[in-house]
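**Q** First the structure, then my questions, so here it is.
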Amino acid sequence: MAIGTLTLTEVEAGAARPFGFNEAEWEALVANTACPTVFLAPWWISAWHEVFGSEATPRVIQVRDGDELVGVAPLLDLGDSLVLAGDPD
C-alpha cells in the first residue's frame, strides 16, 4: 500500500463523547492492527478515563491517509503535559 499525504487532526470532544470519536471507525482500526487488544478499544479508553482520568481533559489525535483512518492517539491533557490515556503512570 502506498502512503499518500497523512493528515493529523484533533477530534473535538464533548460531554456525551469525551473522546469525541466515531467509535465504529476506531473499532475497525483496532480490529485491523497486528495485535488487536481491548486496551486499544475506544470503549476501554472511555471507561478507564471515567474511573482514573476524569480530572484530565481528553484529547484525541487522528491520523488519516486520505479518507482512511490509519492511526489514533488518545491523550489526556494535564495542563502542562499530554499523556497517553489508559497509562497508569
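Numbering starts fresh at 1 for the residues of each chain in the C-alpha cells, the chains themselves are lettered A, B, ... in the order given, and ligands are numbered from 1 as they appear.
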Find the residues of segment 59-83 of chain A that sit at most 12 Å from segment 38-45 of chain A; for each, write down the nearest two atoms and how far apart they are in Å, to one decimal. Count only C-alpha atoms. Sort by chain, then by number going up, and give it as JSON lines.

**A**
```
{"residue": "A:Arg59", "atom": "CA", "partner": "A:Ile45", "partner_atom": "CA", "distance": 11.6}
{"residue": "A:Val60", "atom": "CA", "partner": "A:Pro42", "partner_atom": "CA", "distance": 10.6}
{"residue": "A:Gly71", "atom": "CA", "partner": "A:Leu40", "partner_atom": "CA", "distance": 11.0}
{"residue": "A:Val72", "atom": "CA", "partner": "A:Leu40", "partner_atom": "CA", "distance": 9.3}
{"residue": "A:Ala73", "atom": "CA", "partner": "A:Leu40", "partner_atom": "CA", "distance": 9.7}
{"residue": "A:Pro74", "atom": "CA", "partner": "A:Ile45", "partner_atom": "CA", "distance": 7.7}
{"residue": "A:Leu75", "atom": "CA", "partner": "A:Ile45", "partner_atom": "CA", "distance": 9.7}
{"residue": "A:Leu76", "atom": "CA", "partner": "A:Ile45", "partner_atom": "CA", "distance": 10.6}
```

**Q** Using only C-alpha atoms, which of the listed residues (A:Thr57, A:Ser46, A:Thr33, A:Thr7) sits closest to Gly79 of chain A?

**A**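 Ranked by minimum distance to Gly79 of chain A, first place goes to A:Thr57.
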
**Q** Report as a VMD selection string all protein, DNA and RNA residues lying within 7 Å of Val11 of chain A, evaluated on only C-alpha atoms, omitting residues in the same chain fewer than 5 positions from it.

**A** chain A and resid 20 to 21 60 to 62

**Q** Create the file for the chosen residues now, containing N, CA and C atoms and written as a compact mmCIF listing (two decimals), in the first residue's frame.

**A**
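Everything below was put into part24.txt:
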```
# COMPACT_ATOMS: atom_id res chain seq x y z
N GLY A 20 -14.80 12.14 21.76
CA GLY A 20 -15.30 12.76 20.55
C GLY A 20 -15.08 12.02 19.25
N PHE A 21 -15.11 10.74 19.27
CA PHE A 21 -14.69 9.99 18.09
C PHE A 21 -15.76 9.04 17.60
N VAL A 60 -7.90 13.69 21.44
CA VAL A 60 -7.65 12.59 20.52
C VAL A 60 -7.08 13.15 19.23
N ILE A 61 -5.96 12.60 18.81
CA ILE A 61 -5.36 12.95 17.53
C ILE A 61 -5.64 11.80 16.58
N GLN A 62 -6.20 12.11 15.43
CA GLN A 62 -6.43 11.08 14.42
C GLN A 62 -5.44 11.30 13.27
```

**Q** How many Å separate atom CA of Trp26 of chain A from atom CA of Glu10 of chain A?

**A**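 Spanning atom CA of Trp26 of chain A to atom CA of Glu10 of chain A is a straight-line distance of 14.1 Å.
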
**Q** Using DSSP on the backbone coordinates, identify the residues of chain A assigned to helix (DSSP H, G or I); present them as number ranges by chain.

**A** A: 23-31, 38-40, 42-52

**Q** Suppose we keep N, CA, C and O atoms; can you now write the selection as a JSON list (two decimals), in the first residue's frame?

**A**
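Output file result18.json follows:
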```json
[["chain", "number", "residue", "atom", "x", "y", "z"],
["A", 23, "GLU", "N", -16.79, 5.80, 17.17],
["A", 23, "GLU", "CA", -16.32, 4.56, 17.79],
["A", 23, "GLU", "C", -16.24, 3.40, 16.80],
["A", 23, "GLU", "O", -15.33, 2.58, 16.88],
["A", 24, "ALA", "N", -17.18, 3.32, 15.85],
["A", 24, "ALA", "CA", -17.17, 2.22, 14.88],
["A", 24, "ALA", "C", -15.91, 2.27, 14.02],
["A", 24, "ALA", "O", -15.29, 1.24, 13.74],
["A", 25, "GLU", "N", -15.53, 3.46, 13.61],
["A", 25, "GLU", "CA", -14.32, 3.62, 12.79],
["A", 25, "GLU", "C", -13.07, 3.26, 13.60],
["A", 25, "GLU", "O", -12.16, 2.60, 13.11],
["A", 26, "TRP", "N", -13.04, 3.68, 14.87],
["A", 26, "TRP", "CA", -11.92, 3.37, 15.75],
["A", 26, "TRP", "C", -11.84, 1.86, 15.99],
["A", 26, "TRP", "O", -10.78, 1.26, 15.93],
["A", 27, "GLU", "N", -12.99, 1.22, 16.25],
["A", 27, "GLU", "CA", -13.03, -0.24, 16.47],
["A", 27, "GLU", "C", -12.52, -0.98, 15.24],
["A", 27, "GLU", "O", -11.80, -1.97, 15.37],
["A", 28, "ALA", "N", -12.90, -0.53, 14.05],
["A", 28, "ALA", "CA", -12.44, -1.17, 12.81],
["A", 28, "ALA", "C", -10.92, -1.06, 12.69],
["A", 28, "ALA", "O", -10.26, -2.01, 12.26],
["A", 29, "LEU", "N", -10.37, 0.08, 13.07],
["A", 29, "LEU", "CA", -8.92, 0.25, 13.04],
["A", 29, "LEU", "C", -8.24, -0.73, 14.00],
["A", 29, "LEU", "O", -7.26, -1.38, 13.65],
["A", 30, "VAL", "N", -8.79, -0.86, 15.21],
["A", 30, "VAL", "CA", -8.23, -1.79, 16.20],
["A", 30, "VAL", "C", -8.29, -3.22, 15.67],
["A", 30, "VAL", "O", -7.32, -3.98, 15.80],
["A", 31, "ALA", "N", -9.40, -3.60, 15.05],
["A", 31, "ALA", "CA", -9.56, -4.96, 14.54],
["A", 31, "ALA", "C", -8.54, -5.28, 13.46],
["A", 31, "ALA", "O", -8.17, -6.44, 13.28],
["A", 38, "VAL", "N", -8.10, -5.29, 23.74],
["A", 38, "VAL", "CA", -9.14, -4.43, 24.31],
["A", 38, "VAL", "C", -8.57, -3.11, 24.78],
["A", 38, "VAL", "O", -9.28, -2.11, 24.81],
["A", 39, "PHE", "N", -7.29, -3.08, 25.12],
["A", 39, "PHE", "CA", -6.68, -1.86, 25.65],
["A", 39, "PHE", "C", -6.54, -0.76, 24.60],
["A", 39, "PHE", "O", -6.23, 0.38, 24.94],
["A", 40, "LEU", "N", -6.76, -1.08, 23.34],
["A", 40, "LEU", "CA", -6.75, -0.09, 22.28],
["A", 40, "LEU", "C", -8.15, 0.39, 21.91],
["A", 40, "LEU", "O", -8.30, 1.35, 21.17],
["A", 42, "PRO", "N", -11.91, 2.01, 21.90],
["A", 42, "PRO", "CA", -12.43, 3.27, 22.42],
["A", 42, "PRO", "C", -13.27, 3.09, 23.69],
["A", 42, "PRO", "O", -13.22, 3.92, 24.59],
["A", 43, "TRP", "N", -14.01, 2.00, 23.78],
["A", 43, "TRP", "CA", -14.83, 1.79, 24.98],
["A", 43, "TRP", "C", -13.94, 1.57, 26.20],
["A", 43, "TRP", "O", -14.28, 1.98, 27.31],
["A", 44, "TRP", "N", -12.79, 0.92, 26.02],
["A", 44, "TRP", "CA", -11.86, 0.71, 27.15],
["A", 44, "TRP", "C", -11.27, 2.05, 27.58],
["A", 44, "TRP", "O", -11.21, 2.36, 28.77],
["A", 45, "ILE", "N", -10.81, 2.84, 26.63],
["A", 45, "ILE", "CA", -10.21, 4.13, 26.94],
["A", 45, "ILE", "C", -11.22, 5.02, 27.65],
["A", 45, "ILE", "O", -10.90, 5.69, 28.64],
["A", 46, "SER", "N", -12.47, 5.03, 27.19],
["A", 46, "SER", "CA", -13.51, 5.85, 27.83],
["A", 46, "SER", "C", -13.79, 5.38, 29.25],
["A", 46, "SER", "O", -13.92, 6.19, 30.17],
["A", 47, "ALA", "N", -13.88, 4.05, 29.44],
["A", 47, "ALA", "CA", -14.13, 3.51, 30.78],
["A", 47, "ALA", "C", -12.96, 3.83, 31.72],
["A", 47, "ALA", "O", -13.16, 4.23, 32.87],
["A", 48, "TRP", "N", -11.73, 3.69, 31.22],
["A", 48, "TRP", "CA", -10.55, 4.00, 32.02],
["A", 48, "TRP", "C", -10.58, 5.47, 32.43],
["A", 48, "TRP", "O", -10.31, 5.81, 33.59],
["A", 49, "HIS", "N", -10.92, 6.33, 31.49],
["A", 49, "HIS", "CA", -10.95, 7.77, 31.77],
["A", 49, "HIS", "C", -11.98, 8.09, 32.84],
["A", 49, "HIS", "O", -11.72, 8.90, 33.74],
["A", 50, "GLU", "N", -13.15, 7.48, 32.78],
["A", 50, "GLU", "CA", -14.19, 7.73, 33.79],
["A", 50, "GLU", "C", -13.71, 7.37, 35.19],
["A", 50, "GLU", "O", -14.02, 8.06, 36.15],
["A", 51, "VAL", "N", -12.96, 6.29, 35.31],
["A", 51, "VAL", "CA", -12.52, 5.81, 36.62],
["A", 51, "VAL", "C", -11.23, 6.47, 37.10],
["A", 51, "VAL", "O", -11.13, 6.89, 38.25],
["A", 52, "PHE", "N", -10.25, 6.60, 36.22],
["A", 52, "PHE", "CA", -8.92, 7.04, 36.64],
["A", 52, "PHE", "C", -8.48, 8.41, 36.15],
["A", 52, "PHE", "O", -7.57, 9.00, 36.73]]
```

**Q** State, in Å with one decimal place, the distance from atom CA of Thr5 of chain A to atom CA of Thr37 of chain A.

**A** 27.7 Å

**Q** Among chain A, which residues does DSSP mark as strand (DSSP E or B) when it is run on the backbone? Keep the chain and numbering as in the structure and answer as a PyMOL selection string.

**A** chain A and resi 6-11+57-65+68-77+82-84

**Q** If I take atom CA of Arg64 of chain A and atom CA of Leu78 of chain A, how far is one from the other in Å, to one decimal?

**A**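 Separation of atom CA of Arg64 of chain A and atom CA of Leu78 of chain A: 25.6 Å.
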
**Q** Pick out the residues sitting within 7 Å of Leu6 of chain A, and hand them over as a tab-separated table (two decimals) with N, CA and C atoms, in the first residue's frame; count only C-alpha atoms, and ignore anything fewer than 6 positions along from it in its own chain.

**A**
```
chain	number	residue	atom	x	y	z
A	63	VAL	N	-5.04	10.19	12.68
A	63	VAL	CA	-4.15	10.23	11.53
A	63	VAL	C	-4.90	9.58	10.37
A	64	ARG	N	-4.98	10.30	9.26
A	64	ARG	CA	-5.67	9.80	8.08
A	64	ARG	C	-4.76	9.82	6.87
A	65	ASP	N	-4.94	8.82	6.05
A	65	ASP	CA	-4.32	8.77	4.74
A	65	ASP	C	-5.47	8.95	3.76
A	66	GLY	N	-5.66	10.18	3.31
A	66	GLY	CA	-6.85	10.50	2.53
A	66	GLY	C	-8.05	10.42	3.45
```

**Q** For each of A:Ala85, A:Leu8, A:Asn32, A:Asp80, take the minimum atom-to-atom distance to Pro58 of chain A, counting only C-alpha atoms, then give the residue where this is smallest.

**A**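 That would be A:Ala85, the residue with the smallest distance to Pro58 of chain A.
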